Each structure stands twice: as structure tokens, then as C-alpha cells.
Amino acid sequence: LVVYPLDDEELDEYLRAEASRLEVPHVNAMEGPLGALRRRFGAPAGAGRQDEGERWMDAVLDEDPTVFVVSDTTGDLAGLATRAALERLSAPSSALVDTMTVCPEVTSLEEVTLIAQRAFATGSVVIFSFASPGLSRYMRMQCERLKVVYADLLQPVLVSMEQYLEYPFVGVPGGLELGSIDDASARWTVHEV
């Protein structure tokens, strides 16, 4: 099994072709974040454009969009992957977004719902890494319900490992917690990009 974080399209295509030719299971961990950012903000100059709905959304939003980086632990892995994807897609003279909002230690359904609602209200993207398949599925459902563009960083890797090892991952840390949502956003930090 080859898990790689490539943000170079040409090298990614080469690795995919070689892995397929050799029948080696493989997954590009950067595929999700790059795809989500392209869907929401458009590809780099000359490679595509936003659709009418996205241009309309940008025109009516009161707040500038951000990228919500969400994790059931520190958010460091998801933050590094998001930063790399933003650097890959940003033009030299302008960034796709000015900030990313890191939401660490997210373990409650209420906080997942709050993040999805904030992302919807600001026209933002959600990139998340949850070890818990249930929490990951709930985030996907909330984002899809609200039409928020998202990427799941960790579950595609875990599923590939499960298939390769022919053994389900069990005893996954993290999970669902019922708790107060009152102080959840106090843990969130905004970082300039």
C-alpha cells in the first residue's frame, strides 16, 4: 500500500499509472483538499472558472470565506495538508483565502453541526480528519445537507489500509460525545494563510 501526499498533478499521474501497472494499492492524501478548494474557489488562473452560483455567493456574503480545518485531535495534520493545498492553488499575487480556522478536539455532534453552519454562512470550505467513521460520516452529512464544499482527509486513507490489510480498524480513538456547545468555538483559532 502506498499512501502519498502529492500536490503535483504530473507526478501524481505518474505514480498512479505505475502503482496500477504493478497492482499496488495507492491513495493520494492531497486529492480531497485540492479537489474541495478547486470546487469552491475555482482552479488556478487559466484552468477553470467559478460557476454562477459561486460568484453570486461571493457577492452576497458579509464575511470573507475561510477554510475550516477540523479534527478530533490537534488539527496539525489537517492544517499542514490544507496549507499545502492552498499554496498549490493560489496565484503568486493573491491567495484563495486570507485565513484558515483550525477547530481542534471536535468530538460532539453539536460542534460538527455548528462548524457546518458557520461554513455555510460564510461560503467557506471544511477540511476534516476524524478517526471515528461515525463522526466523519456525520460531518459529511451536515456539509451535504447545507451544500458546503468539504474534504475528508483521513477516512480514505483508513479505508485503503483496511482493504489492504483485510482487517477492519477497530478501537478507533475519538468518537461521539454529547456535550455543551457553549464554549466550543473558544478553542478555534484563526491563522493567516
# chains A, B, ... in the order shown; residues from 1 in each chain; ligands from 1
call {"tool": "closest_atom_pairs", "arguments": {"of": "stretch 53-128 of chain A", "to": "stretch 143-154 of chain A", "cutoff": "8 Å", "atoms": "only C-alpha atoms", "output": "tab-separated table"}}
result
residue	atom	partner	partner_atom	distance
A:Ala78	CA	A:Leu153	CA	7.1
A:Ala116	CA	A:Cys143	CA	5.7
A:Gln117	CA	A:Leu146	CA	7.5
A:Ala119	CA	A:Val148	CA	6.7
A:Phe120	CA	A:Val148	CA	5.7
A:Gly123	CA	A:Val148	CA	7.4
A:Ser124	CA	A:Val148	CA	7.2
A:Val125	CA	A:Val149	CA	5.2
A:Val126	CA	A:Tyr150	CA	4.6
A:Ile127	CA	A:Ala151	CA	4.8
A:Phe128	CA	A:Asp152	CA	5.2
call {"tool": "residues_around", "arguments": {"residues": "A:Met100", "least_positions_apart": "6", "cutoff": "8 Å", "atoms": "only C-alpha atoms", "output": "compact mmCIF listing (two decimals) with all heavy atoms, in the first residue's frame"}}
result
# COMPACT_ATOMS: atom_id res chain seq x y z
N THR A 66 -13.33 31.34 4.67
CA THR A 66 -12.14 30.77 5.29
C THR A 66 -12.14 29.29 4.94
O THR A 66 -13.03 28.82 4.23
CB THR A 66 -12.15 31.00 6.82
OG1 THR A 66 -10.92 30.55 7.37
CG2 THR A 66 -13.29 30.29 7.49
N VAL A 67 -11.17 28.58 5.42
CA VAL A 67 -11.19 27.12 5.35
C VAL A 67 -11.24 26.64 6.79
O VAL A 67 -10.35 26.95 7.58
CB VAL A 67 -9.94 26.56 4.63
CG1 VAL A 67 -9.97 25.04 4.65
CG2 VAL A 67 -9.84 27.08 3.21
N PHE A 68 -12.31 25.93 7.13
CA PHE A 68 -12.42 25.34 8.46
C PHE A 68 -11.64 24.03 8.44
O PHE A 68 -11.95 23.13 7.66
CB PHE A 68 -13.89 25.08 8.84
CG PHE A 68 -14.62 26.33 9.23
CD1 PHE A 68 -15.32 27.06 8.29
CD2 PHE A 68 -14.60 26.77 10.55
CE1 PHE A 68 -16.00 28.21 8.64
CE2 PHE A 68 -15.27 27.93 10.91
CZ PHE A 68 -15.98 28.65 9.96
N VAL A 69 -10.61 23.95 9.27
CA VAL A 69 -9.77 22.76 9.40
C VAL A 69 -10.19 22.10 10.71
O VAL A 69 -9.96 22.64 11.78
CB VAL A 69 -8.28 23.15 9.43
CG1 VAL A 69 -7.42 21.92 9.62
CG2 VAL A 69 -7.91 23.90 8.15
N VAL A 190 -7.82 31.17 14.42
CA VAL A 190 -7.76 31.64 13.05
C VAL A 190 -6.31 31.95 12.72
O VAL A 190 -5.63 32.64 13.48
CB VAL A 190 -8.63 32.91 12.86
CG1 VAL A 190 -8.49 33.46 11.45
CG2 VAL A 190 -10.09 32.60 13.19
N HIS A 191 -5.84 31.40 11.60
CA HIS A 191 -4.47 31.60 11.17
C HIS A 191 -4.44 32.29 9.81
O HIS A 191 -5.22 31.95 8.94
CB HIS A 191 -3.74 30.24 11.01
CG HIS A 191 -3.76 29.42 12.25
ND1 HIS A 191 -2.72 29.41 13.14
CD2 HIS A 191 -4.69 28.56 12.75
CE1 HIS A 191 -3.00 28.60 14.13
NE2 HIS A 191 -4.19 28.07 13.93
N GLU A 192 -3.56 33.26 9.66
CA GLU A 192 -3.39 33.86 8.33
C GLU A 192 -2.75 32.85 7.42
O GLU A 192 -1.93 32.04 7.83
CB GLU A 192 -2.55 35.13 8.43
CG GLU A 192 -3.26 36.25 9.11
CD GLU A 192 -2.48 37.56 9.02
OE1 GLU A 192 -1.56 37.67 8.20
OE2 GLU A 192 -2.83 38.46 9.80
N VAL A 193 -3.12 32.91 6.16
CA VAL A 193 -2.59 31.97 5.18
C VAL A 193 -1.51 32.65 4.37
O VAL A 193 -1.56 33.78 4.05
CB VAL A 193 -3.70 31.46 4.25
CG1 VAL A 193 -3.13 30.50 3.23
CG2 VAL A 193 -4.78 30.79 5.07
call {"tool": "residues_around", "arguments": {"residues": "A:Pro25", "least_positions_apart": "6", "cutoff": "8 Å", "atoms": "only C-alpha atoms", "output": "PyMOL selection string"}}
result
chain A and resi 1-2+19+160+164
call {"tool": "write_last_selection", "arguments": {"atoms": "N, CA and C atoms", "output": "compact mmCIF listing (two decimals), in the first residue's frame"}}
result
# COMPACT_ATOMS: atom_id res chain seq x y z
N LEU A 1 0.85 -1.18 0.00
CA LEU A 1 0.00 0.00 0.00
C LEU A 1 0.89 1.24 0.00
N VAL A 2 0.59 2.16 -0.89
CA VAL A 2 1.34 3.41 -0.95
C VAL A 2 0.37 4.56 -0.65
N ALA A 19 1.64 2.52 -10.02
CA ALA A 19 1.03 1.69 -8.98
C ALA A 19 -0.03 0.78 -9.58
N SER A 160 -8.48 2.52 2.78
CA SER A 160 -7.47 1.85 1.95
C SER A 160 -6.62 0.89 2.77
N TYR A 164 -6.40 -3.14 2.29
CA TYR A 164 -5.10 -3.75 2.05
C TYR A 164 -4.77 -4.81 3.10
call {"tool": "closest_residue", "arguments": {"among": "A:Ser129, A:Asp72, A:Arg137, A:Arg83", "to": "A:Ser108", "atoms": "only C-alpha atoms"}}
result
A:Asp72
call {"tool": "atom_distance", "arguments": {"atom1": "atom CA of A:Met141", "atom2": "atom CA of A:Leu96"}}
result
25.2 Å
call {"tool": "select_by_dssp", "arguments": {"residues": "stretch 97-191 of chain A", "states": "strand (DSSP E)", "output": "PyMOL selection string"}}
result
chain A and resi 99-103+125-129+150-152+189-191
call {"tool": "closest_residue", "arguments": {"among": "A:Glu162, A:Tyr14, A:Ser20, A:Leu37", "to": "A:Glu87", "atoms": "only C-alpha atoms"}}
result
A:Leu37
call {"tool": "residues_around", "arguments": {"residues": "A:Ala29", "least_positions_apart": "5", "cutoff": "9 Å", "atoms": "only C-alpha atoms", "output": "JSON, numbers by chain"}}
result
{"A": [3, 4, 5, 6, 81, 153, 154, 156, 157]}
call {"tool": "write_last_selection", "arguments": {"atoms": "C-alpha atoms", "output": "mmCIF file, in the first residue's frame"}}
result
data_model
loop_
_atom_site.group_PDB
_atom_site.id
_atom_site.type_symbol
_atom_site.label_atom_id
_atom_site.label_comp_id
_atom_site.auth_asym_id
_atom_site.auth_seq_id
_atom_site.Cartn_x
_atom_site.Cartn_y
_atom_site.Cartn_z
ATOM 1 C CA VAL A 3 -0.103 6.491 0.767
ATOM 2 C CA TYR A 4 1.324 9.710 -0.586
ATOM 3 C CA PRO A 5 0.618 13.426 -0.160
ATOM 4 C CA LEU A 6 1.394 14.720 -3.647
ATOM 5 C CA ALA A 81 -2.397 19.446 4.280
ATOM 6 C CA LEU A 153 -8.598 13.675 4.808
ATOM 7 C CA LEU A 154 -8.373 10.605 6.993
ATOM 8 C CA PRO A 156 -9.993 7.446 2.561
ATOM 9 C CA VAL A 157 -6.569 6.506 3.969
#
call {"tool": "atom_distance", "arguments": {"atom1": "atom CA of A:Leu11", "atom2": "atom CA of A:Val97"}}
result
26.0 Å
call {"tool": "atom_distance", "arguments": {"atom1": "atom CA of A:Glu13", "atom2": "atom CA of A:Arg39"}}
result
19.8 Å
call {"tool": "closest_residue", "arguments": {"among": "A:Thr122, A:Thr101, A:Thr82, A:Asn28", "to": "A:Arg187", "atoms": "only C-alpha atoms"}}
result
A:Thr101
call {"tool": "closest_residue", "arguments": {"among": "A:Ser71, A:Val102, A:Glu110, A:Thr189", "to": "A:Ala131", "atoms": "only C-alpha atoms"}}
result
A:Ser71
call {"tool": "closest_residue", "arguments": {"among": "A:Val112, A:Pro65, A:Asp76, A:Ala85", "to": "A:Thr99", "atoms": "only C-alpha atoms"}}
result
A:Pro65
